[in-house]
Amino acid sequence: MERSREQFTHRLTAMTGRYVFCSRVSCLVCLVICLMPHGAQAQLFRRAGHEFSFIRPIDLAATGGATIGVVEFYHHGQIDQQGQNVIVAVGNEVLPVRILQIGPGDFCRLAFQITAARATSGRGSFEILYGGDPFPEESRPKWSAEEGLLLEVREYKECNLNSLQSVKAAFESARPIGADYVPTVFHAGNPFASVPGPYMSRYSGVMQIPRTGTYGFYTSSQDCSFLLIDGKIVAEAPGRHPPERRARPGLRRDVQLTAGPHRFEYYHVSTSEMGVAVAAWEVEPRGSHPAPVPIPPEVFRNASIVRPAVGPPMSQTQRFLPDFRFNVVGAVSLPENEIPLVVAEFRDASPPALVSSARVEWDFGDGQTAQGPAVVHVFLRPGLFTIKETVTRAGRPFEMPQRIWIGPPPAPPREAGKNKPLQLDDILPVLDTYNPAATDAQSLLQMVQAYLTKADEYLPPPPPDTVFVDEEQAAAAAQKSTIDPKTRESERRKYLMRALEVARDGLLKGKQTGDEELLQLLRLVTPIAQDVFVDSTLAVNLWTGVLPRLQADTARAEAHLAVADIQLNDLLALAEAKKHLDAAEKLLRDPSRHEHLGALWYRLRGEVAATEGRQDEAVKALQQAEQLVAARRNEVERTAWRGAHSRSTEQFLRSGELDRAAAELRAWSNEFPLDIVEGYLPLLWGKYWFARGRYEVVTALADRLLVVNPYSPYIEELLLLSAQADLAMKRVDRAKATLESLLKDYPGSPLVGEAKQLLEKLQSATPERK
């Protein structure tokens with residue numbers, strides 16, 4: 001397990017930047033605390049008469065002329081949602097603080113003003129104090145710094161996209177999402193969103209215009225945007241629209257500005273997650289050809305912003321507390337799946353005095369754990385996870401839980417030979433170490449889909465004349481064609497078995513809930529058990545094992561119907577099938593009011609009646625099933641789909657791809673239940689089961705077709721197949737009876753000659769002993 005993680009960690013080293021730890025500052029502060037008497041330690045956590053629970057040191061060495069510091073850290077549930085119980089202080093001086101973002105989870109980003117003297121020297125013990133009761137508002141120094149360009153993003157509110165006043169009012173009353181200082185006006189998408197959606201944004205700051213002159217301003221956005229200088233609109237793009245891709249003549253708005261400070265504001269609204277906002281200018285524009293450039297960061301004095309590192313926390317009662325850093329290094333997407341698997345690297349950042357000769361353990365909040373100071377973890381889905389680091393020293397555990405949002409990182413620019421995205425093969429060794437029973441339903445579904453995706457890579461290559469829509473598909477097909485067919489099928493079955501094992505262990509040993517995810521899982525894996533590994537009993541166990549956890553009546557009814565289908569058509573357990581059919585009927589109340597489940601119920605009722613020899617009832621039930629599904633497609637589409645199912649099944653039976661044949665037959669049975677009466681569908685089912693060696697199912701299919709439609713054009717072929725199945729089971733007398741019935745009841749059949757030859761062969765053989 002750990003070896004797989006170590007190998008993957010080594011693989012990712014080149015993809016991640018180095019973590020910056022504040023060991024020098026944190027060790028110094030910890031040493032000072034250790035040497036302090038208890039009363040002095042308590043005083044260390046008190047500022048302006050207010051006591052806090054935790055302190056984190058800030059490393060502000062070599063800040064140059066910075067006047068604003070921006071720090072990011074996780075507060076382990078100690079800071080309230082409004083950020084009222086956090087301050088930044090240097091010595092006994094409380095500094096002006098601007099809360100930029102609280103959440104998601106325990107994330108905190110804040111800005112603080114640095115005094116001119118300390119900004120120049122870059123020295124001093126800057127600290128974050130947090131936790132406990134709210135700090136009195138009257139004791140907070142007012143924010144006065146004007147350096148930097150602040151981007152604020154808030155939740156979307158309905159407003160008039162053609163009116164600045166409406167947009168401004170909506171923004172002021174909207175709930176904040178996040179904020180940060182940025183170099184210039186540019187973003188694509190919401191930079192602070194954990195969940196995609198529409199949003200509103202505002203840039204604000206003070207421009208330092210270097211010299212008096214003419215300045216031409218542009219804005220390009222999706223959707224509306226308004227650029228204001230000193231409270232007046234100088235560029236706008238009202239309404240709902242895509243961004244301007246080119247700077248056309250007429251888009252620029254020229255204004256005269258004097259040298260010195262000017263108030264800058266930029267409002268933007270995106271009615272979707274795909275918002276874009278860009279502001280640009282031209283200094284002393286000339287000619288009719290626009291030549292805009294981004295507004296330079298130095299105009300907003302961006303160099304005045306510094307981002308120091310933050311050290312590990314400490315409390316009044318605990319001198320050394322664990323701390324860690326993490327970095328999301330990539331994501332792996334699965335085909336036709338909007339939910340990616342997210343890969344993150346975690347590194348211990350605790351004080352060296354705590355971790356020396358200690359054991360470091362991780363709990364990732366998704367049921368999985370790891371050990372070691374640096375680990376790589378694959379989150380099976382994005383989400384908010386409580387990630388806990390435990391440092392055990394001399395038998396005593398020290399814990400630090402943090403609620404952290406884990407999501408895919410922004411896509412880096414693609415460069416030749418660089419920034420290669422993670423592949424599924426990179427993360428499968430890590431998934432192999434996971435405990436499926438500890439995952440939630442959605443994560444278990446993701447894990448199963450990962451192995452199924454890998455299995456699909458070993459499907460037979462498409463025909464040579466296939467037209468591909470992109471180069472990756474063509475390359476994948478070319479690679480498939482070079483693999484030996486036996487090797488390809490062996491690898492495919494290996495990953496299908498792994499997917500089935502993961503689902504089995506997760507569903508039968510776990511306690512997952514959530515009807516939608518559980519049903520998706522069962523629909524995915526039970527056909528693998530039935531059709532690939534011919535283990536219908538396992539499929540029944542999976543459905544019945546999950547059934548008690550399903551909540552909705554329709555979900556429970558689907559489980560009962562699935563079990564009834566397997567019991568009746570795979571295992572020939574008529575009594576068990578009827579029990580589950582009755583249970584489904586009670587849950588559905590009136591099956592005719594449920595299109596999909598009702599059609600399945602009527603089909604199974606018809607097959608039960610056929611098994612019991614009741615022709616009229618069987619045919620009527622199958623007709624009712626057909627009526628429920630017939631409205632899904634028009635007659636032309638139904639004819640095309642019926643032909644597609646039959647041709648695909650025939651091809652898969654010929655090529656020996658029995659699991660794919662079974663998938664076609666199951667879809668065919670559900671979409672065209674009345675074809676059971678017509679006869680070709682039961683005949684192909686018979687050929688499938690004969691190839692599987694399940695001869696008793698072949699004879700049962702022939703018996704049913706004799707009940708529902710003894711005049712089917714396919715009955716003679718199915719009866720001949722049934723006789724051959726009886727012979728395979730050494731039931732010679734039954735085979736003889738079937739052949740004699742075929743010759744007597746269907747004398748004009750083209751199979752008469754073959755049936756006579758087989759019967760004569762049996763009659764000349766030694767009679768079967770009773």
# chains A, B, ... in the order shown; residues from 1 in each chain; ligands from 1
>>> residues_around(residues="segment 272-281 of chain A", least_positions_apart="3", cutoff="10 Å", atoms="only C-alpha atoms", output="JSON, numbers by chain")
{"A": [156, 184, 185, 186, 187, 188, 189, 190, 193, 195, 196, 197, 198, 199, 200, 201, 215, 216, 217, 218, 219, 220, 221, 222, 223, 224, 225, 226, 227, 235, 242, 243, 244, 247, 252, 253, 254, 266, 267, 268, 269, 284, 285, 290, 291, 292, 293, 294, 295, 296]}
>>> residues_around(residues="Glu489 of chain A", least_positions_apart="5", cutoff="9 Å", atoms="only C-alpha atoms", output="mmCIF file with all heavy atoms, in the first residue's frame")
data_model
loop_
_atom_site.group_PDB
_atom_site.id
_atom_site.type_symbol
_atom_site.label_atom_id
_atom_site.label_comp_id
_atom_site.auth_asym_id
_atom_site.auth_seq_id
_atom_site.Cartn_x
_atom_site.Cartn_y
_atom_site.Cartn_z
ATOM 1 N N TYR A 458 -9.805 -2.202 -23.298
ATOM 2 C CA TYR A 458 -9.423 -3.487 -23.901
ATOM 3 C C TYR A 458 -10.559 -4.116 -24.695
ATOM 4 O O TYR A 458 -10.491 -5.301 -25.019
ATOM 5 C CB TYR A 458 -8.947 -4.443 -22.803
ATOM 6 C CG TYR A 458 -7.663 -3.999 -22.163
ATOM 7 C CD1 TYR A 458 -7.668 -3.299 -20.962
ATOM 8 C CD2 TYR A 458 -6.429 -4.241 -22.775
ATOM 9 C CE1 TYR A 458 -6.494 -2.873 -20.369
ATOM 10 C CE2 TYR A 458 -5.250 -3.812 -22.196
ATOM 11 C CZ TYR A 458 -5.287 -3.137 -20.991
ATOM 12 O OH TYR A 458 -4.124 -2.709 -20.415
ATOM 13 N N LEU A 459 -11.590 -3.330 -25.002
ATOM 14 C CA LEU A 459 -12.621 -3.826 -25.909
ATOM 15 C C LEU A 459 -12.011 -4.056 -27.290
ATOM 16 O O LEU A 459 -11.010 -3.418 -27.648
ATOM 17 C CB LEU A 459 -13.769 -2.826 -26.004
ATOM 18 C CG LEU A 459 -14.741 -2.772 -24.822
ATOM 19 C CD1 LEU A 459 -15.664 -1.574 -24.963
ATOM 20 C CD2 LEU A 459 -15.546 -4.059 -24.726
ATOM 21 N N PRO A 460 -12.580 -4.952 -28.082
ATOM 22 C CA PRO A 460 -12.044 -5.175 -29.430
ATOM 23 C C PRO A 460 -12.002 -3.873 -30.223
ATOM 24 O O PRO A 460 -12.866 -3.003 -30.056
ATOM 25 C CB PRO A 460 -13.036 -6.173 -30.046
ATOM 26 C CG PRO A 460 -13.621 -6.878 -28.876
ATOM 27 C CD PRO A 460 -13.695 -5.856 -27.773
ATOM 28 N N ASP A 484 -2.635 -8.491 -28.701
ATOM 29 C CA ASP A 484 -3.108 -9.840 -28.992
ATOM 30 C C ASP A 484 -4.522 -10.013 -28.431
ATOM 31 O O ASP A 484 -4.798 -9.623 -27.296
ATOM 32 C CB ASP A 484 -2.165 -10.851 -28.345
ATOM 33 C CG ASP A 484 -2.670 -12.258 -28.485
ATOM 34 O OD1 ASP A 484 -2.570 -12.809 -29.603
ATOM 35 O OD2 ASP A 484 -3.175 -12.805 -27.484
ATOM 36 N N LYS A 494 -9.872 -8.891 -16.263
ATOM 37 C CA LYS A 494 -9.208 -8.579 -14.998
ATOM 38 C C LYS A 494 -9.788 -7.311 -14.379
ATOM 39 O O LYS A 494 -10.082 -7.284 -13.169
ATOM 40 C CB LYS A 494 -7.699 -8.412 -15.230
ATOM 41 C CG LYS A 494 -6.926 -8.068 -13.954
ATOM 42 C CD LYS A 494 -5.439 -7.934 -14.229
ATOM 43 C CE LYS A 494 -5.127 -6.616 -14.907
ATOM 44 N NZ LYS A 494 -3.659 -6.395 -15.043
#
>>> atom_distance(atom1="atom CA of Leu496 of chain A", atom2="atom CA of Asn337 of chain A")
18.3 Å
>>> closest_atom_pairs(of="segment 160-240 of chain A", to="segment 93-105 of chain A", cutoff="8 Å", atoms="only C-alpha atoms", output="CSV")
residue,atom,partner,partner_atom,distance
A:Ile177,CA,A:Gln101,CA,7.0
A:Gly178,CA,A:Gln101,CA,4.7
A:Ala179,CA,A:Leu100,CA,4.9
A:Asp180,CA,A:Leu100,CA,6.1
A:Ser194,CA,A:Pro104,CA,7.5
>>> residues_around(residues="Thr392 of chain A", least_positions_apart="2", cutoff="12 Å", atoms="only C-alpha atoms", output="short mmCIF file (atom, residue, chain, number, x, y, z; two decimals) with N, CA and C atoms, in the first residue's frame")
data_model
loop_
_atom_site.label_atom_id
_atom_site.label_comp_id
_atom_site.auth_asym_id
_atom_site.auth_seq_id
_atom_site.Cartn_x
_atom_site.Cartn_y
_atom_site.Cartn_z
N LEU A 321 1.42 21.89 18.04
CA LEU A 321 0.25 21.32 17.39
C LEU A 321 0.62 20.92 15.96
N PRO A 322 0.03 19.85 15.46
CA PRO A 322 0.31 19.46 14.07
C PRO A 322 -0.20 20.51 13.09
N LEU A 354 7.90 18.49 17.36
CA LEU A 354 6.76 17.59 17.53
C LEU A 354 6.92 16.33 16.70
N VAL A 355 7.42 16.45 15.48
CA VAL A 355 7.43 15.30 14.56
C VAL A 355 8.72 14.49 14.63
N SER A 356 9.72 14.99 15.33
CA SER A 356 10.96 14.24 15.45
C SER A 356 10.69 12.90 16.14
N SER A 357 11.04 11.80 15.47
CA SER A 357 10.85 10.43 15.99
C SER A 357 9.38 10.14 16.27
N ALA A 358 8.49 10.77 15.52
CA ALA A 358 7.04 10.56 15.71
C ALA A 358 6.45 9.85 14.50
N ARG A 359 5.26 9.30 14.67
CA ARG A 359 4.52 8.66 13.58
C ARG A 359 3.43 9.62 13.09
N VAL A 360 3.38 9.82 11.76
CA VAL A 360 2.41 10.73 11.16
C VAL A 360 1.37 9.90 10.41
N GLU A 361 0.10 10.11 10.75
CA GLU A 361 -1.00 9.39 10.12
C GLU A 361 -2.02 10.36 9.57
N TRP A 362 -2.72 9.92 8.53
CA TRP A 362 -3.70 10.79 7.85
C TRP A 362 -5.04 10.08 7.76
N GLN A 371 -0.15 6.74 5.95
CA GLN A 371 0.90 7.05 6.93
C GLN A 371 2.09 7.68 6.22
N GLY A 372 2.81 8.52 6.98
CA GLY A 372 4.02 9.13 6.44
C GLY A 372 3.93 10.63 6.40
N PRO A 373 5.07 11.33 6.43
CA PRO A 373 5.05 12.80 6.43
C PRO A 373 4.62 13.42 5.11
N GLU A 389 -4.73 15.17 10.41
CA GLU A 389 -3.37 14.68 10.60
C GLU A 389 -3.19 14.36 12.08
N THR A 390 -2.64 13.17 12.35
CA THR A 390 -2.36 12.77 13.73
C THR A 390 -0.87 12.48 13.86
N ALA A 394 5.76 9.37 21.49
CA ALA A 394 5.85 8.70 22.80
C ALA A 394 4.50 8.16 23.24
N GLY A 395 3.74 7.64 22.27
CA GLY A 395 2.44 7.05 22.57
C GLY A 395 1.32 8.04 22.74
N ARG A 396 1.59 9.34 22.63
CA ARG A 396 0.56 10.36 22.81
C ARG A 396 0.19 10.94 21.46
N PRO A 397 -1.11 10.90 21.09
CA PRO A 397 -1.53 11.45 19.79
C PRO A 397 -1.82 12.95 19.87
N PHE A 398 -1.38 13.68 18.84
CA PHE A 398 -1.71 15.10 18.67
C PHE A 398 -2.45 15.21 17.33
N GLU A 399 -3.66 15.75 17.35
CA GLU A 399 -4.50 15.75 16.15
C GLU A 399 -4.75 17.16 15.66
N MET A 400 -4.91 17.27 14.33
CA MET A 400 -5.30 18.54 13.72
C MET A 400 -6.26 18.26 12.57
#
>>> atom_distance(atom1="atom CA of Arg498 of chain A", atom2="atom CA of Leu424 of chain A")
14.7 Å
>>> select_by_dssp(residues="segment 219-359 of chain A", states="alpha helix (DSSP H)", output="PyMOL selection string")
chain A and resi 352-355
>>> closest_residue(among="A:Ala755, A:Leu762, A:Val376, A:Ile229", to="Lys730 of chain A", atoms="only C-alpha atoms")
A:Leu762
>>> residues_around(residues="segment 527-539 of chain A", least_positions_apart="6", cutoff="10 Å", atoms="only C-alpha atoms", output="MDAnalysis selection string")
chainID A and resid 493 496:497 499:501 504 545 562:563 566:567 569:571 657:663 666 692 694
>>> residues_around(residues="segment 139-147 of chain A", least_positions_apart="6", cutoff="9 Å", atoms="only C-alpha atoms", output="ChimeraX atom specification")
/A:48,67-68,87,94-98,112-113,205-207,300-305
>>> write_last_selection(atoms="N, CA, C and O atoms", output="tab-separated table (two decimals), in the first residue's frame")
chain	number	residue	atom	x	y	z
A	48	ALA	N	-5.34	43.91	23.41
A	48	ALA	CA	-6.37	44.93	23.65
A	48	ALA	C	-7.41	44.43	24.64
A	48	ALA	O	-8.61	44.66	24.49
A	67	THR	N	3.04	47.30	1.96
A	67	THR	CA	2.15	47.94	2.93
A	67	THR	C	0.95	47.08	3.27
A	67	THR	O	0.22	47.39	4.21
A	68	ILE	N	0.72	46.02	2.49
A	68	ILE	CA	-0.40	45.12	2.75
A	68	ILE	C	0.11	43.69	2.69
A	68	ILE	O	0.81	43.30	1.74
A	87	ILE	N	-7.66	38.39	14.48
A	87	ILE	CA	-6.94	39.65	14.28
A	87	ILE	C	-5.51	39.32	13.85
A	87	ILE	O	-5.07	38.18	13.93
A	94	VAL	N	-2.47	45.98	17.48
A	94	VAL	CA	-3.45	45.32	16.62
A	94	VAL	C	-3.49	46.06	15.29
A	94	VAL	O	-3.66	47.29	15.26
A	95	LEU	N	-3.33	45.33	14.21
A	95	LEU	CA	-3.26	45.94	12.88
A	95	LEU	C	-4.63	45.97	12.19
A	95	LEU	O	-5.49	45.13	12.48
A	96	PRO	N	-4.84	46.92	11.30
A	96	PRO	CA	-6.07	46.90	10.49
A	96	PRO	C	-6.13	45.62	9.65
A	96	PRO	O	-5.13	45.22	9.05
A	97	VAL	N	-7.28	44.98	9.65
A	97	VAL	CA	-7.48	43.71	8.95
A	97	VAL	C	-8.68	43.81	8.03
A	97	VAL	O	-9.70	44.42	8.38
A	98	ARG	N	-8.56	43.22	6.87
A	98	ARG	CA	-9.69	43.09	5.94
A	98	ARG	C	-9.91	41.60	5.69
A	98	ARG	O	-9.03	40.92	5.16
A	112	PHE	N	-3.85	42.38	5.90
A	112	PHE	CA	-3.57	43.25	7.04
A	112	PHE	C	-2.59	44.33	6.60
A	112	PHE	O	-1.77	44.14	5.70
A	113	GLN	N	-2.73	45.48	7.23
A	113	GLN	CA	-1.84	46.59	6.92
A	113	GLN	C	-0.54	46.48	7.70
A	113	GLN	O	-0.53	46.12	8.88
A	205	GLY	N	-10.13	49.83	-6.50
A	205	GLY	CA	-8.80	50.26	-6.08
A	205	GLY	C	-8.58	51.70	-6.46
A	205	GLY	O	-9.50	52.42	-6.89
A	206	VAL	N	-7.34	52.14	-6.29
A	206	VAL	CA	-6.96	53.51	-6.65
A	206	VAL	C	-5.86	53.43	-7.69
A	206	VAL	O	-4.81	52.80	-7.46
A	207	MET	N	-6.13	54.03	-8.85
A	207	MET	CA	-5.12	54.08	-9.91
A	207	MET	C	-4.17	55.26	-9.67
A	207	MET	O	-4.62	56.36	-9.32
A	300	PHE	N	-1.81	50.06	-10.11
A	300	PHE	CA	-2.53	49.82	-8.85
A	300	PHE	C	-1.56	49.57	-7.68
A	300	PHE	O	-1.98	49.16	-6.61
A	301	ARG	N	-0.27	49.77	-7.90
A	301	ARG	CA	0.78	49.56	-6.90
A	301	ARG	C	0.73	48.12	-6.36
A	301	ARG	O	0.72	47.87	-5.15
A	302	ASN	N	0.69	47.19	-7.29
A	302	ASN	CA	0.59	45.78	-6.91
A	302	ASN	C	1.82	45.31	-6.13
A	302	ASN	O	1.74	44.37	-5.34
A	303	ALA	N	2.96	45.97	-6.34
A	303	ALA	CA	4.17	45.58	-5.62
A	303	ALA	C	4.06	45.83	-4.12
A	303	ALA	O	4.88	45.33	-3.33
A	304	SER	N	3.06	46.58	-3.70
A	304	SER	CA	2.87	46.85	-2.28
A	304	SER	C	2.21	45.69	-1.55
A	304	SER	O	2.07	45.72	-0.33
A	305	ILE	N	1.79	44.68	-2.32
A	305	ILE	CA	1.13	43.51	-1.72
A	305	ILE	C	2.16	42.41	-1.53
A	305	ILE	O	2.89	42.06	-2.45
>>> select_by_dssp(residues="segment 237-370 of chain A", states="strand (DSSP E or B)", output="PyMOL selection string")
chain A and resi 237+253-257+260-270+276-283+293-294+305-306+309-310+314-315+324-332+341-348+359-363+369-370
>>> closest_residue(among="A:Val283, A:Lys420, A:Ala450, A:Glu51", to="Ser333 of chain A", atoms="only C-alpha atoms")
A:Ala450
>>> atom_distance(atom1="atom CA of Glu664 of chain A", atom2="atom CA of Asp565 of chain A")
15.8 Å
>>> closest_residue(among="A:Ser288, A:Gln316, A:Gln615, A:Thr513", to="Asn709 of chain A", atoms="only C-alpha atoms")
A:Gln615
>>> residues_around(residues="Asp456 of chain A", least_positions_apart="5", cutoff="9 Å", atoms="only C-alpha atoms", output="ChimeraX atom specification")
/A:451,492,495-496
>>> write_last_selection(atoms="N, CA, C and O atoms", output="PDB file, in the first residue's frame")
ATOM      1  N   TYR A 451     -12.481   1.524 -12.779  1.00  0.00           N
ATOM      2  CA  TYR A 451     -12.060   0.198 -13.264  1.00  0.00           C
ATOM      3  C   TYR A 451     -12.808  -0.196 -14.535  1.00  0.00           C
ATOM      4  O   TYR A 451     -12.223  -0.828 -15.432  1.00  0.00           O
ATOM      5  N   ARG A 492      -9.119  -7.191 -20.053  1.00  0.00           N
ATOM      6  CA  ARG A 492     -10.475  -6.650 -19.882  1.00  0.00           C
ATOM      7  C   ARG A 492     -11.198  -7.355 -18.749  1.00  0.00           C
ATOM      8  O   ARG A 492     -11.801  -6.713 -17.882  1.00  0.00           O
ATOM      9  N   TYR A 495      -9.966  -6.284 -15.184  1.00  0.00           N
ATOM     10  CA  TYR A 495     -10.483  -5.029 -14.642  1.00  0.00           C
ATOM     11  C   TYR A 495     -11.983  -5.097 -14.388  1.00  0.00           C
ATOM     12  O   TYR A 495     -12.492  -4.433 -13.460  1.00  0.00           O
ATOM     13  N   LEU A 496     -12.703  -5.894 -15.171  1.00  0.00           N
ATOM     14  CA  LEU A 496     -14.120  -6.098 -14.874  1.00  0.00           C
ATOM     15  C   LEU A 496     -14.276  -6.821 -13.534  1.00  0.00           C
ATOM     16  O   LEU A 496     -15.153  -6.483 -12.736  1.00  0.00           O
TER      17      LEU A 496
END
>>> residues_around(residues="Asp590 of chain A", least_positions_apart="3", cutoff="12 Å", atoms="only C-alpha atoms", output="NGL selection string")
:A and (554 or 557 or 582 or 584-587 or 593-595 or 597-599 or 601-602)
